[in-house]
Amino acid sequence: MDWREYVVVDPHICHGQAHIKGTRIMLSVVLDNLATGLSIDEMLKSYPSLTRDSVRAAIGYAADLVRERVVALPA
């Protein structure tokens with residue numbers, strides 16, 4: 001799967017934040033929900049415009065992002 005098919009950035013939508021194509025659901029919202037333990041099925045119920053593939057695309061986007069950027073962590 002290529003996350004680029006699902007993720008877009010438009011300066012006029014969601015303040016220019018990455019979001020799922022065709023929605024106003026920012027990737028940060030998807031990832032925050034996953035991080036708090038919400039299952040994909042629960043998320044699909046809460047956000048009917050999401051698909052299982054769009055949630056996977058958000059995870060793929062995050063994985064690519066951390067490959068490209070090093071974030072300093074406290075020792």
# chains A, B, ... in the order shown; residues from 1 in each chain; ligands from 1
$ residues_around --residues "range 30-40 of chain A" --least-positions-apart "2" --cutoff "8 Å" --atoms "only C-alpha atoms" --output "MDAnalysis selection string"
chainID A and resid 25:28 42:44 52 55 58:59
$ select_by_dssp --residues "chain A" --states "helix (DSSP H, G or I)" --output "ChimeraX atom specification"
/A:3-5,14-16,27-35,40-46,52-68
$ select_by_dssp --residues "chain A" --states "strand (DSSP E)" --output "short mmCIF file (atom, residue, chain, number, x, y, z; two decimals) with N, CA and C atoms, in the first residue's frame"
data_model
loop_
_atom_site.label_atom_id
_atom_site.label_comp_id
_atom_site.auth_asym_id
_atom_site.auth_seq_id
_atom_site.Cartn_x
_atom_site.Cartn_y
_atom_site.Cartn_z
N VAL A 7 -3.26 10.15 1.76
CA VAL A 7 -2.86 11.29 2.58
C VAL A 7 -2.63 12.51 1.70
N VAL A 8 -3.20 13.63 2.09
CA VAL A 8 -3.02 14.87 1.34
C VAL A 8 -2.73 16.02 2.30
N HIS A 19 -3.95 15.18 6.17
CA HIS A 19 -5.25 14.60 6.51
C HIS A 19 -5.59 13.52 5.49
N ILE A 20 -6.63 12.75 5.81
CA ILE A 20 -7.08 11.70 4.92
C ILE A 20 -7.85 12.32 3.76
#
$ residues_around --residues "Asp53 in chain A" --least-positions-apart "5" --cutoff "9 Å" --atoms "only C-alpha atoms" --output "NGL selection string"
:A and (1 or 3 or 6 or 58)
$ atom_distance --atom1 "CA of Pro48 in chain A" --atom2 "CA of Ile13 in chain A"
18.9 Å
$ closest_residue --among "A:Ala57, A:Leu65, A:Leu50, A:Cys14" --to "Asp2 in chain A" --atoms "only C-alpha atoms"
A:Ala57
$ closest_residue --among "A:Lys21, A:Ser49, A:Ala63, A:Asp41" --to "Glu5 in chain A" --atoms "only C-alpha atoms"
A:Lys21
$ closest_residue --among "A:Lys45, A:Ala62, A:Arg67, A:Arg24" --to "Val9 in chain A" --atoms "only C-alpha atoms"
A:Arg24
$ atom_distance --atom1 "CA of Gly22 in chain A" --atom2 "CA of Arg69 in chain A"
27.2 Å
$ decode --residues "range 10-27 of chain A" --atoms "C-alpha atoms" --output "PDB file, in the first residue's frame"
ATOM      1  CA  ASP A  10      -3.897  21.337   1.375  1.00  0.00           C
ATOM      2  CA  PRO A  11      -3.238  24.756   2.918  1.00  0.00           C
ATOM      3  CA  HIS A  12      -6.999  25.450   2.778  1.00  0.00           C
ATOM      4  CA  ILE A  13      -8.042  22.298   4.663  1.00  0.00           C
ATOM      5  CA  CYS A  14      -7.191  21.462   8.285  1.00  0.00           C
ATOM      6  CA  HIS A  15      -4.814  24.427   8.493  1.00  0.00           C
ATOM      7  CA  GLY A  16      -2.459  22.708   6.062  1.00  0.00           C
ATOM      8  CA  GLN A  17      -2.036  19.620   8.246  1.00  0.00           C
ATOM      9  CA  ALA A  18      -1.797  16.174   6.667  1.00  0.00           C
ATOM     10  CA  HIS A  19      -5.245  14.600   6.506  1.00  0.00           C
ATOM     11  CA  ILE A  20      -7.079  11.695   4.916  1.00  0.00           C
ATOM     12  CA  LYS A  21      -8.068  12.501   1.339  1.00  0.00           C
ATOM     13  CA  GLY A  22     -11.737  13.439   0.992  1.00  0.00           C
ATOM     14  CA  THR A  23     -12.134  14.119   4.711  1.00  0.00           C
ATOM     15  CA  ARG A  24     -11.154  16.687   7.295  1.00  0.00           C
ATOM     16  CA  ILE A  25      -9.682  14.020   9.544  1.00  0.00           C
ATOM     17  CA  MET A  26      -6.090  14.879  10.324  1.00  0.00           C
ATOM     18  CA  LEU A  27      -3.525  12.114  10.553  1.00  0.00           C
TER      19      LEU A  27
END
